[in-house]
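Visitor: Following this line is final.pdb, made up of PDB, C-alpha atoms:
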```pdb
MODEL        1
ATOM      1  CA  MET A 157      68.769 102.602  92.812
ATOM      2  CA  GLN A 158      69.121 102.067  96.538
ATOM      3  CA  ASN A 159      72.719 102.154  97.740
ATOM      4  CA  TYR A 160      73.453 100.288 100.994
ATOM      5  CA  ARG A 161      76.720 100.227 102.940
ATOM      6  CA  SER A 162      76.183  96.766 104.482
ATOM      7  CA  LEU A 163      73.805  93.820 104.511
ATOM      8  CA  GLU A 164      72.692  94.768 108.002
ATOM      9  CA  ALA A 165      70.893  97.822 106.611
ATOM     10  CA  VAL A 166      68.868  95.815 104.070
ATOM     11  CA  ASN A 167      65.436  94.220 104.391
ATOM     12  CA  LEU A 168      64.124  92.946 101.035
ATOM     13  CA  GLN A 169      61.930  90.082  99.878
ATOM     14  CA  ASN A 170      62.076  87.729  96.862
ATOM     15  CA  SER A 171      65.389  89.183  95.676
ATOM     16  CA  TRP A 172      67.376  88.149  92.638
ATOM     17  CA  LEU A 173      71.063  88.551  93.437
ATOM     18  CA  THR A 174      74.543  88.458  91.970
ATOM     19  CA  ILE A 175      77.725  88.664  94.060
ATOM     20  CA  GLY A 176      81.198  89.892  93.142
ATOM     21  CA  VAL A 177      83.690  92.748  93.214
ATOM     22  CA  PHE A 178      82.614  93.869  89.706
ATOM     23  CA  ASP A 179      85.578  96.213  89.273
ATOM     24  CA  GLY A 180      85.195  97.958  85.932
ATOM     25  CA  VAL A 181      81.692  96.571  85.315
ATOM     26  CA  HIS A 182      83.111  95.160  82.067
ATOM     27  CA  LEU A 183      81.255  93.229  79.353
ATOM     28  CA  GLY A 184      81.468  89.979  81.323
ATOM     29  CA  HIS A 185      79.885  91.624  84.348
ATOM     30  CA  GLN A 186      77.291  93.278  82.141
ATOM     31  CA  GLU A 187      76.299  89.885  80.731
ATOM     32  CA  ILE A 188      75.429  88.577  84.199
ATOM     33  CA  ILE A 189      73.763  91.771  85.418
ATOM     34  CA  SER A 190      71.673  92.272  82.278
ATOM     35  CA  LYS A 191      70.247  88.762  82.514
ATOM     36  CA  LEU A 192      69.680  89.170  86.248
ATOM     37  CA  THR A 193      67.779  92.449  85.915
ATOM     38  CA  ALA A 194      65.720  91.264  82.941
ATOM     39  CA  GLY A 195      64.585  88.130  84.764
ATOM     40  CA  ALA A 196      63.909  89.889  88.043
ATOM     41  CA  HIS A 197      61.931  92.745  86.527
ATOM     42  CA  GLU A 198      59.845  90.362  84.438
ATOM     43  CA  ILE A 199      58.300  88.991  87.649
ATOM     44  CA  GLY A 200      58.481  92.221  89.656
ATOM     45  CA  ALA A 201      61.397  91.141  91.870
ATOM     46  CA  PRO A 202      64.234  93.419  92.982
ATOM     47  CA  ALA A 203      67.551  92.977  91.137
ATOM     48  CA  VAL A 204      70.363  93.232  93.709
ATOM     49  CA  VAL A 205      74.157  93.405  93.413
ATOM     50  CA  LEU A 206      76.311  92.571  96.429
ATOM     51  CA  THR A 207      79.904  93.736  96.210
ATOM     52  CA  PHE A 208      82.771  94.121  98.687
ATOM     53  CA  TRP A 209      85.126  96.822  99.920
ATOM     54  CA  PRO A 210      88.066  96.653 100.455
ATOM     55  CA  HIS A 211      88.960  94.109  97.792
ATOM     56  CA  PRO A 212      89.026  90.628  99.420
ATOM     57  CA  ALA A 213      92.419  89.813  97.859
ATOM     58  CA  VAL A 214      93.955  92.806  99.677
ATOM     59  CA  VAL A 215      92.290  91.969 103.013
ATOM     60  CA  LEU A 216      93.494  88.368 102.783
ATOM     61  CA  GLY A 217      97.054  89.470 102.025
ATOM     62  CA  LYS A 218      97.198  87.926  98.556
ATOM     63  CA  VAL A 219      98.373  91.278  97.149
ATOM     64  CA  ASP A 220      99.548  94.528  98.746
ATOM     65  CA  GLU A 221      97.170  96.692  96.717
ATOM     66  CA  ILE A 222      94.923  96.598  93.680
ATOM     67  CA  LYS A 223      94.553  99.672  91.535
ATOM     68  CA  SER A 224      90.897  99.773  90.530
ATOM     69  CA  LEU A 225      89.182 100.336  87.200
ATOM     70  CA  THR A 226      86.264 102.131  88.842
ATOM     71  CA  THR A 227      85.854 104.245  91.946
ATOM     72  CA  PRO A 228      82.905 103.362  94.217
ATOM     73  CA  ASP A 229      80.929 106.309  92.805
ATOM     74  CA  GLU A 230      81.644 105.259  89.213
ATOM     75  CA  LYS A 231      80.492 101.722  90.006
ATOM     76  CA  VAL A 232      77.238 103.053  91.463
ATOM     77  CA  ASP A 233      76.586 105.055  88.291
ATOM     78  CA  LEU A 234      77.335 102.133  85.963
ATOM     79  CA  LEU A 235      75.166  99.654  87.877
ATOM     80  CA  ASN A 236      72.327 102.146  88.062
ATOM     81  CA  LYS A 237      72.405 102.480  84.253
ATOM     82  CA  LEU A 238      72.144  98.686  83.973
ATOM     83  CA  GLY A 239      68.836  98.722  85.856
ATOM     84  CA  VAL A 240      70.015  97.384  89.208
ATOM     85  CA  ASP A 241      67.519  98.160  91.990
ATOM     86  CA  ALA A 242      69.841  97.833  94.994
ATOM     87  CA  LEU A 243      73.607  97.873  95.434
ATOM     88  CA  ILE A 244      75.081  96.575  98.680
ATOM     89  CA  THR A 245      78.742  97.401  99.354
ATOM     90  CA  GLN A 246      79.588  94.988 102.144
ATOM     91  CA  PRO A 247      82.674  95.772 104.274
ATOM     92  CA  PHE A 248      85.038  92.808 103.906
ATOM     93  CA  SER A 249      87.215  91.675 106.812
ATOM     94  CA  THR A 250      89.295  88.713 107.946
ATOM     95  CA  GLU A 251      86.370  87.724 110.186
ATOM     96  CA  MET A 252      83.992  87.623 107.241
ATOM     97  CA  ALA A 253      86.522  85.508 105.354
ATOM     98  CA  LYS A 254      85.994  82.783 107.981
ATOM     99  CA  TYR A 255      82.287  82.402 107.183
ATOM    100  CA  THR A 256      81.318  79.095 105.618
ATOM    101  CA  ALA A 257      79.235  79.210 102.458
ATOM    102  CA  LEU A 258      76.212  78.119 104.495
ATOM    103  CA  ASP A 259      76.773  80.859 107.102
ATOM    104  CA  PHE A 260      77.027  83.536 104.424
ATOM    105  CA  MET A 261      74.026  82.365 102.438
ATOM    106  CA  ARG A 262      71.922  82.258 105.602
ATOM    107  CA  LEU A 263      72.903  85.861 106.300
ATOM    108  CA  ILE A 264      72.020  86.874 102.749
ATOM    109  CA  SER A 265      68.704  85.043 102.821
ATOM    110  CA  THR A 266      67.743  86.709 106.104
ATOM    111  CA  HIS A 267      68.222  90.224 104.699
ATOM    112  CA  LEU A 268      67.233  89.712 101.057
ATOM    113  CA  GLY A 269      64.603  86.973 101.042
ATOM    114  CA  LEU A 270      66.752  85.427  98.313
ATOM    115  CA  ARG A 271      64.990  83.529  95.518
ATOM    116  CA  SER A 272      67.501  83.489  92.659
ATOM    117  CA  LEU A 273      71.316  83.665  92.741
ATOM    118  CA  TRP A 274      73.280  84.447  89.556
ATOM    119  CA  ILE A 275      77.010  83.718  89.463
ATOM    120  CA  GLY A 276      79.954  83.607  87.059
ATOM    121  CA  HIS A 277      81.680  80.476  85.800
ATOM    122  CA  ASP A 278      84.530  80.490  88.336
ATOM    123  CA  PHE A 279      82.583  81.759  91.351
ATOM    124  CA  GLY A 280      83.591  80.730  94.854
ATOM    125  CA  LEU A 281      82.133  81.995  98.120
ATOM    126  CA  GLY A 282      82.928  81.495 101.791
ATOM    127  CA  ARG A 283      85.887  79.987 103.599
ATOM    128  CA  ASN A 284      88.378  78.436 101.162
ATOM    129  CA  ARG A 285      85.966  79.351  98.352
ATOM    130  CA  GLU A 286      83.908  76.273  99.178
ATOM    131  CA  GLY A 287      80.725  77.893  97.850
ATOM    132  CA  THR A 288      80.933  76.572  94.301
ATOM    133  CA  PHE A 289      77.936  76.249  91.973
ATOM    134  CA  GLU A 290      77.297  72.725  93.241
ATOM    135  CA  ARG A 291      77.558  73.652  96.932
ATOM    136  CA  LEU A 292      75.433  76.790  96.569
ATOM    137  CA  THR A 293      72.785  74.802  94.707
ATOM    138  CA  GLU A 294      72.732  72.289  97.549
ATOM    139  CA  ILE A 295      72.365  75.096 100.120
ATOM    140  CA  GLY A 296      69.664  76.689  97.957
ATOM    141  CA  LYS A 297      67.460  73.615  98.347
ATOM    142  CA  GLU A 298      67.510  74.233 102.113
ATOM    143  CA  LEU A 299      67.106  78.019 101.995
ATOM    144  CA  GLY A 300      64.672  78.274  99.087
ATOM    145  CA  TYR A 301      66.662  79.850  96.254
ATOM    146  CA  SER A 302      67.816  78.657  92.815
ATOM    147  CA  VAL A 303      71.270  79.158  91.249
ATOM    148  CA  ALA A 304      72.068  80.172  87.657
ATOM    149  CA  ALA A 305      75.648  80.066  86.333
ATOM    150  CA  ILE A 306      76.543  82.299  83.367
ATOM    151  CA  GLU A 307      79.167  81.269  80.837
ATOM    152  CA  PRO A 308      82.176  83.620  80.613
ATOM    153  CA  VAL A 309      82.586  86.273  77.952
ATOM    154  CA  LYS A 310      85.751  85.606  75.937
ATOM    155  CA  GLU A 311      87.998  87.664  73.684
ATOM    156  CA  ALA A 312      90.098  85.702  71.193
ATOM    157  CA  GLY A 313      89.618  82.607  73.344
ATOM    158  CA  GLU A 314      90.689  84.355  76.572
ATOM    159  CA  VAL A 315      88.235  84.810  79.446
ATOM    160  CA  LEU A 316      87.531  88.501  80.019
ATOM    161  CA  SER A 317      88.455  89.627  83.541
ATOM    162  CA  SER A 318      89.114  92.801  85.524
ATOM    163  CA  SER A 319      92.741  91.786  86.102
ATOM    164  CA  LEU A 320      93.283  91.380  82.345
ATOM    165  CA  ILE A 321      91.851  94.836  81.652
ATOM    166  CA  ARG A 322      93.997  96.367  84.405
ATOM    167  CA  GLN A 323      97.095  94.892  82.766
ATOM    168  CA  ARG A 324      96.114  96.267  79.369
ATOM    169  CA  ILE A 325      95.490  99.781  80.682
ATOM    170  CA  ALA A 326      98.714  99.762  82.698
ATOM    171  CA  SER A 327     100.556  98.878  79.480
ATOM    172  CA  GLY A 328      98.825 101.719  77.602
ATOM    173  CA  ASP A 329      96.457  99.578  75.521
ATOM    174  CA  VAL A 330      93.445 101.792  76.142
ATOM    175  CA  ALA A 331      91.842 101.085  72.751
ATOM    176  CA  HIS A 332      91.593  97.334  73.427
ATOM    177  CA  SER A 333      90.445  98.025  76.979
ATOM    178  CA  ALA A 334      87.589 100.197  75.700
ATOM    179  CA  LYS A 335      86.223  97.220  73.750
ATOM    180  CA  SER A 336      86.362  95.049  76.884
ATOM    181  CA  LEU A 337      84.693  97.677  79.071
ATOM    182  CA  GLY A 338      82.076  98.693  76.524
ATOM    183  CA  ARG A 339      83.173 102.305  77.003
ATOM    184  CA  TYR A 340      86.363 104.373  77.146
ATOM    185  CA  TYR A 341      88.483 104.033  80.278
ATOM    186  CA  SER A 342      88.364 107.301  82.209
ATOM    187  CA  LEU A 343      90.047 109.310  84.943
ATOM    188  CA  SER A 344      88.410 112.237  86.722
ATOM    189  CA  GLY A 345      89.887 114.881  88.955
ATOM    190  CA  GLN A 346      90.172 118.536  89.843
ATOM    191  CA  VAL A 347      92.308 120.793  87.679
ATOM    192  CA  LEU A 348      95.316 122.069  89.656
ATOM    193  CA  HIS A 349      97.887 124.757  89.007
ATOM    194  CA  GLY A 350     100.977 123.335  87.301
ATOM    195  CA  ALA A 351     104.328 124.767  86.261
ATOM    196  CA  GLY A 352     102.716 126.839  83.497
ATOM    197  CA  ARG A 353     105.160 125.715  80.781
ATOM    198  CA  GLY A 354     102.382 124.885  78.328
ATOM    199  CA  ARG A 355     100.953 128.383  78.441
ATOM    200  CA  LYS A 356     104.416 129.884  77.882
ATOM    201  CA  LEU A 357     104.735 127.650  74.808
ATOM    202  CA  ASN A 358     101.260 128.741  73.645
ATOM    203  CA  ILE A 359      99.926 125.208  74.232
ATOM    204  CA  PRO A 360      98.150 125.536  77.606
ATOM    205  CA  THR A 361      97.609 122.343  79.570
ATOM    206  CA  ALA A 362      95.449 121.439  82.549
ATOM    207  CA  ASN A 363      97.067 119.412  85.330
ATOM    208  CA  VAL A 364      94.473 116.838  86.502
ATOM    209  CA  ASP A 365      94.593 115.540  90.078
ATOM    210  CA  TYR A 366      93.744 111.902  89.278
ATOM    211  CA  PRO A 367      92.696 109.328  91.940
ATOM    212  CA  ASN A 368      95.718 107.437  93.295
ATOM    213  CA  ASP A 369      93.723 104.234  93.741
ATOM    214  CA  LYS A 370      92.795 103.902  90.049
ATOM    215  CA  VAL A 371      94.862 102.271  87.306
ATOM    216  CA  LEU A 372      96.968 104.873  85.495
ATOM    217  CA  PRO A 373      97.660 104.268  81.800
ATOM    218  CA  ALA A 374     101.321 103.793  80.931
ATOM    219  CA  ASN A 375     103.420 106.904  80.441
ATOM    220  CA  GLY A 376     102.817 108.285  76.984
ATOM    221  CA  ILE A 377     100.717 110.537  74.793
ATOM    222  CA  TYR A 378      97.017 109.784  74.228
ATOM    223  CA  ALA A 379      94.092 110.952  72.173
ATOM    224  CA  THR A 380      91.328 111.633  74.688
ATOM    225  CA  TRP A 381      87.910 113.162  75.131
ATOM    226  CA  ALA A 382      87.725 115.761  77.910
ATOM    227  CA  TRP A 383      84.395 116.249  79.676
ATOM    228  CA  LEU A 384      83.573 119.442  81.522
ATOM    229  CA  GLY A 385      80.141 118.765  82.956
ATOM    230  CA  ASP A 386      77.989 117.752  79.978
ATOM    231  CA  GLU A 387      80.347 119.304  77.439
ATOM    232  CA  ARG A 388      82.799 117.116  75.507
ATOM    233  CA  PHE A 389      85.984 118.375  73.858
ATOM    234  CA  PRO A 390      88.760 116.697  71.824
ATOM    235  CA  ALA A 391      92.020 116.696  73.757
ATOM    236  CA  ALA A 392      95.639 115.593  73.812
ATOM    237  CA  THR A 393      96.713 114.059  77.121
ATOM    238  CA  SER A 394     100.197 113.364  78.439
ATOM    239  CA  VAL A 395     100.760 110.823  81.219
ATOM    240  CA  GLY A 396     104.286 110.930  82.618
ATOM    241  CA  ILE A 397     107.104 112.851  84.230
ATOM    242  CA  ASN A 398     107.851 115.324  81.387
ATOM    243  CA  PRO A 399     111.483 114.146  80.991
ATOM    244  CA  THR A 400     112.519 117.121  78.869
ATOM    245  CA  PHE A 401     112.077 119.431  81.899
ATOM    246  CA  THR A 402     111.830 117.163  84.990
ATOM    247  CA  PRO A 403     113.721 113.902  84.234
ATOM    248  CA  ASP A 404     114.122 113.042  87.937
ATOM    249  CA  LYS A 405     110.414 113.246  88.777
ATOM    250  CA  GLN A 406     108.987 110.004  90.202
ATOM    251  CA  THR A 407     105.209 110.488  90.260
ATOM    252  CA  PRO A 408     103.535 110.850  86.846
ATOM    253  CA  ASN A 409     101.438 113.879  85.991
ATOM    254  CA  VAL A 410      98.282 113.802  83.889
ATOM    255  CA  GLU A 411      98.253 116.922  81.702
ATOM    256  CA  VAL A 412      95.629 117.633  79.072
ATOM    257  CA  HIS A 413      95.591 120.142  76.225
ATOM    258  CA  ILE A 414      92.015 120.715  75.103
ATOM    259  CA  LEU A 415      91.965 121.603  71.433
ATOM    260  CA  ASP A 416      90.677 125.075  70.516
ATOM    261  CA  PHE A 417      89.739 125.844  74.122
ATOM    262  CA  GLU A 418      90.437 129.087  75.982
ATOM    263  CA  ARG A 419      88.352 128.954  79.193
ATOM    264  CA  ASP A 420      89.784 128.909  82.728
ATOM    265  CA  LEU A 421      89.632 125.382  84.195
ATOM    266  CA  TYR A 422      91.356 125.805  87.558
ATOM    267  CA  GLY A 423      89.440 124.192  90.409
ATOM    268  CA  GLN A 424      86.939 122.488  88.102
ATOM    269  CA  GLU A 425      86.311 118.742  87.764
ATOM    270  CA  LEU A 426      87.531 117.292  84.478
ATOM    271  CA  LYS A 427      86.875 113.782  83.165
ATOM    272  CA  LEU A 428      89.245 112.257  80.610
ATOM    273  CA  GLU A 429      88.253 109.349  78.354
ATOM    274  CA  PHE A 430      91.272 107.559  76.875
ATOM    275  CA  VAL A 431      90.662 106.729  73.202
ATOM    276  CA  GLN A 432      94.048 105.711  71.798
ATOM    277  CA  ARG A 433      97.720 105.734  72.754
ATOM    278  CA  LEU A 434      99.906 107.440  70.164
ATOM    279  CA  ARG A 435     103.454 107.134  71.400
ATOM    280  CA  ASP A 436     105.858 106.786  74.305
ATOM    281  CA  GLU A 437     106.842 109.734  76.422
ATOM    282  CA  LEU A 438     110.103 111.111  74.997
ATOM    283  CA  LYS A 439     112.931 113.362  76.144
ATOM    284  CA  PHE A 440     113.741 116.057  73.596
ATOM    285  CA  SER A 441     117.072 117.785  73.022
ATOM    286  CA  SER A 442     115.475 121.208  72.634
ATOM    287  CA  VAL A 443     112.235 123.078  73.148
ATOM    288  CA  ASP A 444     111.945 123.478  69.360
ATOM    289  CA  ALA A 445     112.083 119.697  68.875
ATOM    290  CA  LEU A 446     109.459 119.269  71.589
ATOM    291  CA  MET A 447     107.179 121.859  69.967
ATOM    292  CA  GLU A 448     107.468 120.184  66.572
ATOM    293  CA  GLN A 449     106.451 116.832  68.088
ATOM    294  CA  ILE A 450     103.555 118.354  70.060
ATOM    295  CA  HIS A 451     102.089 119.940  66.943
ATOM    296  CA  GLY A 452     102.393 116.598  65.165
ATOM    297  CA  ASP A 453     100.625 114.887  68.082
ATOM    298  CA  ILE A 454      97.800 117.405  67.989
ATOM    299  CA  ALA A 455      97.298 116.925  64.255
ATOM    300  CA  GLN A 456      97.163 113.154  64.743
ATOM    301  CA  LYS A 457      94.644 113.485  67.581
ATOM    302  CA  ARG A 458      92.397 115.703  65.466
ATOM    303  CA  LYS A 459      92.331 112.985  62.822
ATOM    304  CA  ILE A 460      91.548 110.192  65.325
ATOM    305  CA  LEU A 461      88.848 112.058  67.236
ATOM    306  CA  SER A 462      87.132 113.358  64.108
ATOM    307  CA  GLY A 463      86.799 109.860  62.676
TER     308      GLY A 463
ENDMDL
END
```
What would the structure in this file look like if it were written as structure tokens?

Guide:
Amino acid sequence: MQNYRSLEAVNLQNSWLTIGVFDGVHLGHQEIISKLTAGAHEIGAPAVVLTFWPHPAVVLGKVDEIKSLTTPDEKVDLLNKLGVDALITQPFSTEMAKYTALDFMRLISTHLGLRSLWIGHDFGLGRNREGTFERLTEIGKELGYSVAAIEPVKEAGEVLSSSLIRQRIASGDVAHSAKSLGRYYSLSGQVLHGAGRGRKLNIPTANVDYPNDKVLPANGIYATWAWLGDERFPAATSVGINPTFTPDKQTPNVEVHILDFERDLYGQELKLEFVQRLRDELKFSSVDALMEQIHGDIAQKRKILSG
């Protein structure tokens, strides 16, 4: 897959295109992209995804920040697996927000030789989101492309969206989120030196330096899969401040205990896949009470991850 940092760097012909932020590349996104790539490849046309960075809602001041479901590198990997031929990550700015739908589609057509545009049910492009299905179809008659609108994917009558999945993960509902994403939600980061309490308690943990711009699951204890390169291990992961020892801490830690594992992980990249949330983070009255709960958590995780 070709990976471009702006439209200006692209020169394609007869492209089939979809446009959106595609954070998470969830099942709704996959529905559009799968149909796009299948149709394009059937006639030998390039399947192209155009996305934006930073998130337009942040640039336009609608929100202060948006914690993402996928990093740019994760998005590249997911789209590549879906058979996309070219990904364009277009820098978004207040100047670009002023483009009319016609201006933007002319720019796209110049660089992509656009022949087919695939959009979601609530799509809007250009100034004031004037580029609806009807308007884009009208412009397409002038510029020589067709427009296909894909019906939304729903869960229990609710339209699946990135914002909905972010809310679920932030509340700790990682199991439901996995169904919406079509995979487990994950965090990756380098293993750092921590306080070393786990090793003193004979339950060593790895402190993972997670990305600050990704959604962090709610504080609590989770059953997870830990990936070290191509190797996968069952693990127990704590997200939180460890109130038994550091009740005044503000920034959560992500600490993972890999079951039956004795290798040194410091400085290595570890990926955590969140399978199920087991309980809230608790403050214990004694180390013995904490140890009893940890052993119970580990037993429960073994049962979940072996099923």

Visitor: Hey, what comes out of the PyMOL selection byres ((chain A and resi 197-213) around 7) on this file? Could you write it as a list in words?

Guide: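 Residues picked by the PyMOL selection byres ((chain A and resi 197-213) around 7): Asn170, Ser171, Trp172, Leu173, Thr174, Ile175, Gly176, Val177, Leu192, Thr193, Ala194, Gly195, Ala196, Val214, Val215, Leu216, Gly217, Lys218, Val219, Val240, Asp241, Ala242, Leu243, Ile244, Thr245, Gln246, Pro247 and Phe248 of chain A.
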
Visitor: Write the residues of the preceding selection, restricted to C-alpha atoms, as a PDB file, in the coordinates of the input.

Guide:
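Now in again_4.pdb:
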```pdb
ATOM      1  CA  ASN A 170      62.076  87.729  96.862  1.00  0.00           C
ATOM      2  CA  SER A 171      65.389  89.183  95.676  1.00  0.00           C
ATOM      3  CA  TRP A 172      67.376  88.149  92.638  1.00  0.00           C
ATOM      4  CA  LEU A 173      71.063  88.551  93.437  1.00  0.00           C
ATOM      5  CA  THR A 174      74.543  88.458  91.970  1.00  0.00           C
ATOM      6  CA  ILE A 175      77.725  88.664  94.060  1.00  0.00           C
ATOM      7  CA  GLY A 176      81.198  89.892  93.142  1.00  0.00           C
ATOM      8  CA  VAL A 177      83.690  92.748  93.214  1.00  0.00           C
ATOM      9  CA  LEU A 192      69.680  89.170  86.248  1.00  0.00           C
ATOM     10  CA  THR A 193      67.779  92.449  85.915  1.00  0.00           C
ATOM     11  CA  ALA A 194      65.720  91.264  82.941  1.00  0.00           C
ATOM     12  CA  GLY A 195      64.585  88.130  84.764  1.00  0.00           C
ATOM     13  CA  ALA A 196      63.909  89.889  88.043  1.00  0.00           C
ATOM     14  CA  VAL A 214      93.955  92.806  99.677  1.00  0.00           C
ATOM     15  CA  VAL A 215      92.290  91.969 103.013  1.00  0.00           C
ATOM     16  CA  LEU A 216      93.494  88.368 102.783  1.00  0.00           C
ATOM     17  CA  GLY A 217      97.054  89.470 102.025  1.00  0.00           C
ATOM     18  CA  LYS A 218      97.198  87.926  98.556  1.00  0.00           C
ATOM     19  CA  VAL A 219      98.373  91.278  97.149  1.00  0.00           C
ATOM     20  CA  VAL A 240      70.015  97.384  89.208  1.00  0.00           C
ATOM     21  CA  ASP A 241      67.519  98.160  91.990  1.00  0.00           C
ATOM     22  CA  ALA A 242      69.841  97.833  94.994  1.00  0.00           C
ATOM     23  CA  LEU A 243      73.607  97.873  95.434  1.00  0.00           C
ATOM     24  CA  ILE A 244      75.081  96.575  98.680  1.00  0.00           C
ATOM     25  CA  THR A 245      78.742  97.401  99.354  1.00  0.00           C
ATOM     26  CA  GLN A 246      79.588  94.988 102.144  1.00  0.00           C
ATOM     27  CA  PRO A 247      82.674  95.772 104.274  1.00  0.00           C
ATOM     28  CA  PHE A 248      85.038  92.808 103.906  1.00  0.00           C
TER      29      PHE A 248
END
```

Visitor: The PyMOL selection byres ((chain A and resi 325) around 10) - which residues does that actually catch in the file I just gave you? List them as number ranges by chain.

Guide: A: 225, 320-324, 326-334, 341, 371-374, 430

Visitor: What does the structure give for the distance between CA of Leu428 in chain A and CA of Leu461 in chain A, in Å to one decimal?

Guide: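 Here the two named atoms are 13.4 Å from each other.
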
Visitor: Counting all atoms listed in the file, which residue out of A:Ser317, A:Ser265, A:Ser249, A:Thr380 sits closest to Gln186 in chain A?

Guide: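 Using all atoms listed in the file, the shortest distance to Gln186 in chain A belongs to A:Ser317.
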
Visitor: Between CA of Tyr366 in chain A and CA of Asn236 in chain A, measure the distance and give it in Å to one decimal.

Guide: 23.6 Å

Visitor: Could you check which of A:Ser344, A:Glu187, A:Glu164, A:Lys310 is closest to Leu263 in chain A, using all atoms listed in the file?

Guide: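 Of all the options, A:Glu164 lies closest to Leu263 in chain A.
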
Visitor: Rounded to one decimal, what separation in Å do you get between CA of Tyr255 in chain A and CA of Asn159 in chain A?

Guide: 23.9 Å

Visitor: Out of A:Gly376, A:Gly313, A:Pro367, A:Gly239, which residue has the shortest atom-to-atom distance to Gly396 in chain A when counting only C-alpha atoms?

Guide: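 Distance minimum relative to Gly396 in chain A lands on A:Gly376.
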
Visitor: Please identify all polymer residues within 9 Å of Asn363 in chain A, counting only C-alpha atoms, omitting same-chain residues fewer than 4 positions from it, and present them as a tab-separated table (two decimals) with C-alpha atoms, in the frame of the given file.

Guide:
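Listed below is the output, selection.tsv:
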```
chain	number	residue	atom	x	y	z
A	346	GLN	CA	90.17	118.54	89.84
A	347	VAL	CA	92.31	120.79	87.68
A	348	LEU	CA	95.32	122.07	89.66
A	349	HIS	CA	97.89	124.76	89.01
A	350	GLY	CA	100.98	123.34	87.30
A	409	ASN	CA	101.44	113.88	85.99
A	410	VAL	CA	98.28	113.80	83.89
A	411	GLU	CA	98.25	116.92	81.70
A	412	VAL	CA	95.63	117.63	79.07
A	422	TYR	CA	91.36	125.80	87.56
```
